[in-house]
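Enquirer: Starting off with a structure, shown below.
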Amino acid sequence: MKNPYYPIDTVVEDIITETPTIKTFCLKPVRPIEFRAGQFMQLTVPGVGEAPFTPSSDPNVSERMEITILKTGKITDALHDLKPGAAVGLRGPFGKGYPLDRLVGKEVLVVGGGVGLAPLRALIYALFDDPSRYERISIKYGARCPEELCFRRQYDEWSRIAPNVDLTVTIDVPAPAWDGRVGLVTTLLDDLDINLDESYALSCGPEIMLKFVTLKLLEVGYKPPQIYLSMNRKMSCGMGKCGRCNVGHYYLCVDGPDMCYDKIKHVPNVFG
Ligand SMILES: Cc1cc2nc3c(=O)[nH]c(=O)nc-3n(C[C@H](O)[C@H](O)[C@H](O)COP(=O)(O)OP(=O)(O)OC[C@H]3O[C@@H](n4cnc5c(N)ncnc54)[C@H](O)[C@@H]3O)c2cc1C
Ligand code: FES
């Protein structure tokens with residue numbers, strides 16, 4: 001039996017700088033790793049430690065995996081200092097992943113903020129596998145400023161992928177040479193042209209963003225069972241053993257990290 005605590009040896013093949021604080025690590029594990037969009041991995045930097053990250057790459061590809069990481073502390077600082085050729089470890093995948101079957105035939109609203117677009121990119125790839133399975137795929141994304149827009153190199157390609165796909169991007173405050181939308185990502189939800197009865201919304205970003213996105217979605221008419229939130233809280237074992245990640249009686253590492261808001265809406269301080 002495989003030991004779930006033992007990481008799979010992995011080489012960093014390439015590193016793409018997405019923004020001044022976000023890099024995408026292109027990883028080659030010694031054996032393929034199958035995962036579903038929204039499942040997460042524990043990534044080890046030898047001699048430093050381990051932290052949870054959701055792959056940002058296409059779940060149809062198991063020989064290579066991309067993980068997009070914001071530099072924020074000890075482990076992510078060490079990751080950002082790595083060079084191609086470095087050795088890391090991967091454990092997983094863990095968690096349930098996004099409810100893709102439920103989205104078939106629906107209007108899918110994807111709402112991301114900052115590095116939150118990273119886990120959502122795996123979902124976007126999964127949806128783009130056959131966009132005709134969905135009524136519409138609407139992607140709304142916000143970052144603080146143009147320099148902090150993650151995966152900017154791909155927006156044109158995503159917008160053109162199919163007629164039923166649209167992407168709208170906003171930055172928080174005006175910036176020189178920016179002629180796109182300005183305002184928090186919630187402002188993109190003010191003028192939704194969506195059949196709400198036939199829609200699901202899936203969101204990932206900082207907890208404060210998730211809170212205000214949820215409030216806005218409820219205000220415009222979404223019901224709690226139609227809202228899925230990526231609850232990327234602190235985790236340790238990733239396997240429901242340590243009790244580090246509970247929200248109410250759910251363990252996010254096992255029952256999430258993408259949680260239907262209907263299940264957690266009664267939990268005090270659900271947004272931290
Ligand atoms: C399921 C899951 C998926 C994730 N996916 C991604 C991803 O795709 N890309 C990515 O960049 N990050 C992701 N994260 C967050 C990532 O795990 C943390 O940023 C990382 O653990 C920080 O480790 P550190 O040692 O660098 O920071 P630390 O030294 O531990 O902490 C530095 C700062 O970051 C804060 N922090 C630590 N963990 C988290 C967290 N989970 N959420 C928010 N703030 C945190 C701390 O409170 C502190 O302020 C994910 C987290 C979870 C639980
Ligand atoms: S991280 Fe250990 S129980 Fe969830």
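Going through the structure tokens in order, the chains are called A, B, and so on, while each chain numbers its residues from 1 and the ligands are numbered from 1 in the order shown.
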Check every protein, DNA and RNA residue against ligand 1, keep those with an atom at most 7 Å away (counting only C-alpha atoms and all ligand atoms), and present them as a list in words.

Expert: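 Written in the requested form, the residues are Phe40, Ala51, Pro52, Phe53, Thr54, Pro55, Ser56, Ile67, Thr68, Ile69, Leu70, Lys71, Thr72, Gly73, Lys74, Ile75, Thr76, Asp77, Val115, Ala118, Pro119, Pro206, Asn232, Arg233, Lys234, Met235, Cys253 and Pro257 of chain A.
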
Enquirer: Which parts of segment 16-243 of chain A does DSSP call alpha helix (DSSP H) when run on the backbone here, written out as a ChimeraX atom specification?

Expert: /A:74-81,100-103,117-128,155-159,207-220

Enquirer: Tyr134 of chain A: which residues within 6 Å, counting only C-alpha atoms, same-chain residues fewer than 5 positions away excluded, as a list in words?

Expert: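 The contact residues come out as Val104, Gly105 and Lys106 of chain A.
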
Enquirer: Selected residues, N, CA and C atoms, written as a PDB file, in the first residue's frame, please.

Expert:
ATOM      1  N   VAL A 104     -23.226  20.779 -16.001  1.00  0.00           N
ATOM      2  CA  VAL A 104     -23.589  20.459 -17.390  1.00  0.00           C
ATOM      3  C   VAL A 104     -24.955  21.080 -17.726  1.00  0.00           C
ATOM      4  N   GLY A 105     -24.997  21.794 -18.852  1.00  0.00           N
ATOM      5  CA  GLY A 105     -26.247  22.414 -19.304  1.00  0.00           C
ATOM      6  C   GLY A 105     -26.574  23.726 -18.605  1.00  0.00           C
ATOM      7  N   LYS A 106     -25.701  24.170 -17.708  1.00  0.00           N
ATOM      8  CA  LYS A 106     -25.992  25.368 -16.907  1.00  0.00           C
ATOM      9  C   LYS A 106     -25.184  26.576 -17.372  1.00  0.00           C
TER      10      LYS A 106
END

Enquirer: Go through chain A and flag each residue having an atom no more than 8 Å from ligand 2; for those, report the closest pair of atoms plus their distance in Å to one decimal, using only C-alpha atoms and all ligand atoms, ordered by chain and rising number, as JSON lines.

Expert:
{"residue": "A:Lys234", "atom": "CA", "partner": "ligand 2", "partner_atom_place_in_ligand_line": "1 (S)", "distance": 7.4}
{"residue": "A:Met235", "atom": "CA", "partner": "ligand 2", "partner_atom_place_in_ligand_line": "1 (S)", "distance": 3.9}
{"residue": "A:Ser236", "atom": "CA", "partner": "ligand 2", "partner_atom_place_in_ligand_line": "1 (S)", "distance": 4.2}
{"residue": "A:Cys237", "atom": "CA", "partner": "ligand 2", "partner_atom_place_in_ligand_line": "2 (Fe)", "distance": 4.0}
{"residue": "A:Gly238", "atom": "CA", "partner": "ligand 2", "partner_atom_place_in_ligand_line": "1 (S)", "distance": 4.0}
{"residue": "A:Met239", "atom": "CA", "partner": "ligand 2", "partner_atom_place_in_ligand_line": "2 (Fe)", "distance": 5.5}
{"residue": "A:Gly240", "atom": "CA", "partner": "ligand 2", "partner_atom_place_in_ligand_line": "3 (S)", "distance": 3.4}
{"residue": "A:Lys241", "atom": "CA", "partner": "ligand 2", "partner_atom_place_in_ligand_line": "3 (S)", "distance": 4.5}
{"residue": "A:Cys242", "atom": "CA", "partner": "ligand 2", "partner_atom_place_in_ligand_line": "2 (Fe)", "distance": 3.8}
{"residue": "A:Gly243", "atom": "CA", "partner": "ligand 2", "partner_atom_place_in_ligand_line": "3 (S)", "distance": 3.8}
{"residue": "A:Arg244", "atom": "CA", "partner": "ligand 2", "partner_atom_place_in_ligand_line": "2 (Fe)", "distance": 5.0}
{"residue": "A:Cys245", "atom": "CA", "partner": "ligand 2", "partner_atom_place_in_ligand_line": "4 (Fe)", "distance": 4.4}
{"residue": "A:Asn246", "atom": "CA", "partner": "ligand 2", "partner_atom_place_in_ligand_line": "4 (Fe)", "distance": 6.6}
{"residue": "A:Tyr251", "atom": "CA", "partner": "ligand 2", "partner_atom_place_in_ligand_line": "4 (Fe)", "distance": 5.2}
{"residue": "A:Leu252", "atom": "CA", "partner": "ligand 2", "partner_atom_place_in_ligand_line": "4 (Fe)", "distance": 5.8}
{"residue": "A:Cys253", "atom": "CA", "partner": "ligand 2", "partner_atom_place_in_ligand_line": "4 (Fe)", "distance": 4.4}
{"residue": "A:Val254", "atom": "CA", "partner": "ligand 2", "partner_atom_place_in_ligand_line": "4 (Fe)", "distance": 6.6}

Enquirer: Go ahead and compute the interatomic distance for atom CA of Asp172 of chain A and atom CA of Lys140 of chain A, in Å to one decimal.

Expert: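 Calculated distance between atom CA of Asp172 of chain A and atom CA of Lys140 of chain A is 13.3 Å.
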
Enquirer: Hey, what's within 7 Å of segment 156-167 of chain A if we count only C-alpha atoms and toss same-chain stuff fewer than 5 positions away? As a ChimeraX atom specification, please?

Expert: /A:131,136-140

Enquirer: What's the 10 Å shell around Lys263 of chain A, counting only C-alpha atoms, without same-chain residues fewer than 6 positions away, as a PyMOL selection string?

Expert: chain A and resi 224-225+228+247-250

Enquirer: Name the residues in contact with segment 9-17 of chain A at a cut-off of 12 Å, using only C-alpha atoms, excluding same-chain residues fewer than 5 positions from it; report them as a JSON list (two decimals) with N, CA, C and O atoms, in the first residue's frame.

Expert:
[["chain", "number", "residue", "atom", "x", "y", "z"],
["A", 22, "ILE", "N", 3.65, 36.46, -8.16],
["A", 22, "ILE", "CA", 3.06, 35.15, -8.47],
["A", 22, "ILE", "C", 3.88, 34.46, -9.57],
["A", 22, "ILE", "O", 4.17, 35.07, -10.61],
["A", 23, "LYS", "N", 4.25, 33.20, -9.32],
["A", 23, "LYS", "CA", 4.95, 32.41, -10.33],
["A", 23, "LYS", "C", 4.21, 31.09, -10.56],
["A", 23, "LYS", "O", 3.63, 30.54, -9.62],
["A", 24, "THR", "N", 4.29, 30.61, -11.81],
["A", 24, "THR", "CA", 3.75, 29.29, -12.12],
["A", 24, "THR", "C", 4.91, 28.31, -12.23],
["A", 24, "THR", "O", 5.87, 28.56, -12.97],
["A", 25, "PHE", "N", 4.81, 27.22, -11.46],
["A", 25, "PHE", "CA", 5.86, 26.19, -11.44],
["A", 25, "PHE", "C", 5.38, 25.02, -12.30],
["A", 25, "PHE", "O", 4.31, 24.44, -12.04],
["A", 26, "CYS", "N", 6.17, 24.70, -13.34],
["A", 26, "CYS", "CA", 5.83, 23.60, -14.24],
["A", 26, "CYS", "C", 6.59, 22.37, -13.73],
["A", 26, "CYS", "O", 7.82, 22.37, -13.73],
["A", 27, "LEU", "N", 5.85, 21.39, -13.28],
["A", 27, "LEU", "CA", 6.42, 20.28, -12.52],
["A", 27, "LEU", "C", 6.31, 18.96, -13.28],
["A", 27, "LEU", "O", 5.30, 18.69, -13.93],
["A", 28, "LYS", "N", 7.36, 18.15, -13.13],
["A", 28, "LYS", "CA", 7.35, 16.82, -13.76],
["A", 28, "LYS", "C", 7.57, 15.79, -12.67],
["A", 28, "LYS", "O", 8.70, 15.56, -12.20],
["A", 29, "PRO", "N", 6.48, 15.14, -12.21],
["A", 29, "PRO", "CA", 6.63, 14.08, -11.19],
["A", 29, "PRO", "C", 7.19, 12.80, -11.83],
["A", 29, "PRO", "O", 7.00, 12.59, -13.03],
["A", 30, "VAL", "N", 7.84, 11.95, -11.03],
["A", 30, "VAL", "CA", 8.43, 10.72, -11.59],
["A", 30, "VAL", "C", 7.35, 9.78, -12.11],
["A", 30, "VAL", "O", 7.62, 8.94, -12.97],
["A", 31, "ARG", "N", 6.14, 9.89, -11.57],
["A", 31, "ARG", "CA", 5.04, 9.12, -12.16],
["A", 31, "ARG", "C", 3.83, 10.04, -12.31],
["A", 31, "ARG", "O", 3.70, 11.03, -11.57],
["A", 32, "PRO", "N", 2.95, 9.74, -13.30],
["A", 32, "PRO", "CA", 1.82, 10.63, -13.55],
["A", 32, "PRO", "C", 0.94, 10.79, -12.30],
["A", 32, "PRO", "O", 0.80, 9.86, -11.51],
["A", 33, "ILE", "N", 0.37, 11.98, -12.14],
["A", 33, "ILE", "CA", -0.55, 12.23, -11.03],
["A", 33, "ILE", "C", -1.89, 12.65, -11.62],
["A", 33, "ILE", "O", -2.00, 13.69, -12.26],
["A", 43, "LEU", "N", 2.68, 20.30, -1.47],
["A", 43, "LEU", "CA", 3.96, 20.49, -2.17],
["A", 43, "LEU", "C", 5.07, 20.68, -1.14],
["A", 43, "LEU", "O", 4.98, 21.55, -0.27],
["A", 44, "THR", "N", 6.10, 19.84, -1.23],
["A", 44, "THR", "CA", 7.21, 19.90, -0.27],
["A", 44, "THR", "C", 8.42, 20.58, -0.89],
["A", 44, "THR", "O", 8.83, 20.22, -2.00],
["A", 45, "VAL", "N", 8.98, 21.53, -0.16],
["A", 45, "VAL", "CA", 10.30, 22.05, -0.52],
["A", 45, "VAL", "C", 11.27, 21.41, 0.47],
["A", 45, "VAL", "O", 11.17, 21.65, 1.68],
["A", 46, "PRO", "N", 12.19, 20.55, -0.01],
["A", 46, "PRO", "CA", 13.06, 19.82, 0.92],
["A", 46, "PRO", "C", 13.81, 20.77, 1.87],
["A", 46, "PRO", "O", 14.33, 21.79, 1.44],
["A", 63, "GLU", "N", 0.97, 13.78, -16.72],
["A", 63, "GLU", "CA", 2.44, 13.62, -16.70],
["A", 63, "GLU", "C", 3.13, 14.87, -16.17],
["A", 63, "GLU", "O", 4.23, 14.81, -15.64],
["A", 64, "ARG", "N", 2.50, 16.01, -16.38],
["A", 64, "ARG", "CA", 3.04, 17.28, -15.90],
["A", 64, "ARG", "C", 1.96, 18.01, -15.13],
["A", 64, "ARG", "O", 0.77, 17.80, -15.38],
["A", 65, "MET", "N", 2.37, 18.87, -14.22],
["A", 65, "MET", "CA", 1.39, 19.63, -13.42],
["A", 65, "MET", "C", 1.91, 21.05, -13.24],
["A", 65, "MET", "O", 3.12, 21.24, -13.03],
["A", 66, "GLU", "N", 1.03, 22.02, -13.36],
["A", 66, "GLU", "CA", 1.43, 23.41, -13.06],
["A", 66, "GLU", "C", 0.75, 23.85, -11.77],
["A", 66, "GLU", "O", -0.42, 23.54, -11.55],
["A", 67, "ILE", "N", 1.52, 24.55, -10.96],
["A", 67, "ILE", "CA", 0.97, 25.10, -9.72],
["A", 67, "ILE", "C", 1.40, 26.57, -9.68],
["A", 67, "ILE", "O", 2.57, 26.89, -9.91],
["A", 68, "THR", "N", 0.45, 27.44, -9.44],
["A", 68, "THR", "CA", 0.69, 28.88, -9.51],
["A", 68, "THR", "C", 0.63, 29.45, -8.10],
["A", 68, "THR", "O", -0.37, 29.27, -7.39],
["A", 69, "ILE", "N", 1.71, 30.11, -7.70],
["A", 69, "ILE", "CA", 1.92, 30.36, -6.26],
["A", 69, "ILE", "C", 2.24, 31.82, -5.96],
["A", 69, "ILE", "O", 3.15, 32.42, -6.54],
["A", 70, "LEU", "N", 1.48, 32.36, -5.01],
["A", 70, "LEU", "CA", 1.72, 33.72, -4.50],
["A", 70, "LEU", "C", 2.78, 33.64, -3.40],
["A", 70, "LEU", "O", 2.69, 32.83, -2.48],
["A", 71, "LYS", "N", 3.75, 34.54, -3.50],
["A", 71, "LYS", "CA", 4.83, 34.61, -2.48],
["A", 71, "LYS", "C", 4.27, 35.30, -1.25],
["A", 71, "LYS", "O", 3.89, 36.48, -1.32],
["A", 79, "LEU", "N", 9.96, 28.63, -2.46],
["A", 79, "LEU", "CA", 9.57, 28.19, -3.81],
["A", 79, "LEU", "C", 9.96, 29.24, -4.85],
["A", 79, "LEU", "O", 10.48, 28.91, -5.92],
["A", 80, "HIS", "N", 9.70, 30.50, -4.54],
["A", 80, "HIS", "CA", 10.01, 31.56, -5.51],
["A", 80, "HIS", "C", 11.52, 31.69, -5.75],
["A", 80, "HIS", "O", 11.92, 32.25, -6.76],
["A", 81, "ASP", "N", 12.34, 31.19, -4.82],
["A", 81, "ASP", "CA", 13.80, 31.24, -5.01],
["A", 81, "ASP", "C", 14.32, 30.06, -5.82],
["A", 81, "ASP", "O", 15.51, 30.05, -6.19],
["A", 82, "LEU", "N", 13.46, 29.04, -6.07],
["A", 82, "LEU", "CA", 13.94, 27.85, -6.80],
["A", 82, "LEU", "C", 14.27, 28.19, -8.25],
["A", 82, "LEU", "O", 13.74, 29.15, -8.82],
["A", 83, "LYS", "N", 15.12, 27.35, -8.83],
["A", 83, "LYS", "CA", 15.48, 27.48, -10.25],
["A", 83, "LYS", "C", 15.04, 26.20, -10.96],
["A", 83, "LYS", "O", 14.92, 25.15, -10.32],
["A", 84, "PRO", "N", 14.83, 26.25, -12.29],
["A", 84, "PRO", "CA", 14.51, 25.02, -13.02],
["A", 84, "PRO", "C", 15.57, 23.96, -12.73],
["A", 84, "PRO", "O", 16.75, 24.25, -12.62],
["A", 85, "GLY", "N", 15.09, 22.72, -12.58],
["A", 85, "GLY", "CA", 15.99, 21.61, -12.22],
["A", 85, "GLY", "C", 15.89, 21.26, -10.75],
["A", 85, "GLY", "O", 16.35, 20.18, -10.34],
["A", 86, "ALA", "N", 15.30, 22.12, -9.95],
["A", 86, "ALA", "CA", 15.21, 21.86, -8.50],
["A", 86, "ALA", "C", 14.29, 20.67, -8.23],
["A", 86, "ALA", "O", 13.37, 20.39, -9.00],
["A", 87, "ALA", "N", 14.56, 19.99, -7.12],
["A", 87, "ALA", "CA", 13.74, 18.84, -6.72],
["A", 87, "ALA", "C", 12.75, 19.27, -5.65],
["A", 87, "ALA", "O", 13.10, 19.98, -4.70],
["A", 88, "VAL", "N", 11.47, 18.88, -5.83],
["A", 88, "VAL", "CA", 10.44, 19.12, -4.82],
["A", 88, "VAL", "C", 9.66, 17.81, -4.65],
["A", 88, "VAL", "O", 9.98, 16.82, -5.30],
["A", 89, "GLY", "N", 8.66, 17.81, -3.77],
["A", 89, "GLY", "CA", 7.84, 16.61, -3.59],
["A", 89, "GLY", "C", 6.37, 16.96, -3.71],
["A", 89, "GLY", "O", 5.97, 18.10, -3.41],
["A", 90, "LEU", "N", 5.57, 16.01, -4.16],
["A", 90, "LEU", "CA", 4.12, 16.23, -4.28],
["A", 90, "LEU", "C", 3.39, 15.07, -3.59],
["A", 90, "LEU", "O", 3.72, 13.91, -3.83],
["A", 91, "ARG", "N", 2.41, 15.41, -2.77],
["A", 91, "ARG", "CA", 1.51, 14.43, -2.16],
["A", 91, "ARG", "C", 0.09, 14.74, -2.57],
["A", 91, "ARG", "O", -0.29, 15.89, -2.59],
["A", 147, "GLU", "N", -0.52, 45.09, -13.34],
["A", 147, "GLU", "CA", 0.67, 44.24, -13.15],
["A", 147, "GLU", "C", 0.32, 42.97, -12.38],
["A", 147, "GLU", "O", 1.04, 41.98, -12.43],
["A", 148, "GLU", "N", -0.75, 43.00, -11.58],
["A", 148, "GLU", "CA", -1.08, 41.86, -10.73],
["A", 148, "GLU", "C", -2.12, 40.93, -11.36],
["A", 148, "GLU", "O", -2.61, 40.00, -10.71],
["A", 149, "LEU", "N", -2.46, 41.18, -12.63],
["A", 149, "LEU", "CA", -3.41, 40.29, -13.32],
["A", 149, "LEU", "C", -2.70, 38.98, -13.66],
["A", 149, "LEU", "O", -1.72, 38.97, -14.39],
["A", 150, "CYS", "N", -3.19, 37.88, -13.11],
["A", 150, "CYS", "CA", -2.57, 36.58, -13.29],
["A", 150, "CYS", "C", -3.01, 35.97, -14.63],
["A", 150, "CYS", "O", -4.18, 36.10, -15.01],
["A", 151, "PHE", "N", -2.13, 35.28, -15.33],
["A", 151, "PHE", "CA", -2.40, 34.61, -16.62],
["A", 151, "PHE", "C", -2.87, 35.60, -17.70],
["A", 151, "PHE", "O", -3.64, 35.23, -18.59],
["A", 152, "ARG", "N", -2.40, 36.84, -17.63],
["A", 152, "ARG", "CA", -2.85, 37.85, -18.60],
["A", 152, "ARG", "C", -2.56, 37.41, -20.03],
["A", 152, "ARG", "O", -3.31, 37.72, -20.95],
["A", 153, "ARG", "N", -1.46, 36.64, -20.18],
["A", 153, "ARG", "CA", -1.05, 36.16, -21.51],
["A", 153, "ARG", "C", -2.10, 35.26, -22.15],
["A", 153, "ARG", "O", -2.03, 34.97, -23.34]]

Enquirer: Might you pull out every residue within 12 Å of Lys211 of chain A, with only C-alpha atoms counted and same-chain residues fewer than 2 positions away left off, and present them as a VMD selection string?

Expert: chain A and resid 113 185 to 186 203 to 209 213 to 218 227 to 231 261 265 269 to 272

Enquirer: Could you tell me how far atom CA of Thr21 of chain A sits from atom CA of Trp178 of chain A, in Å to one decimal place?

Expert: 20.1 Å
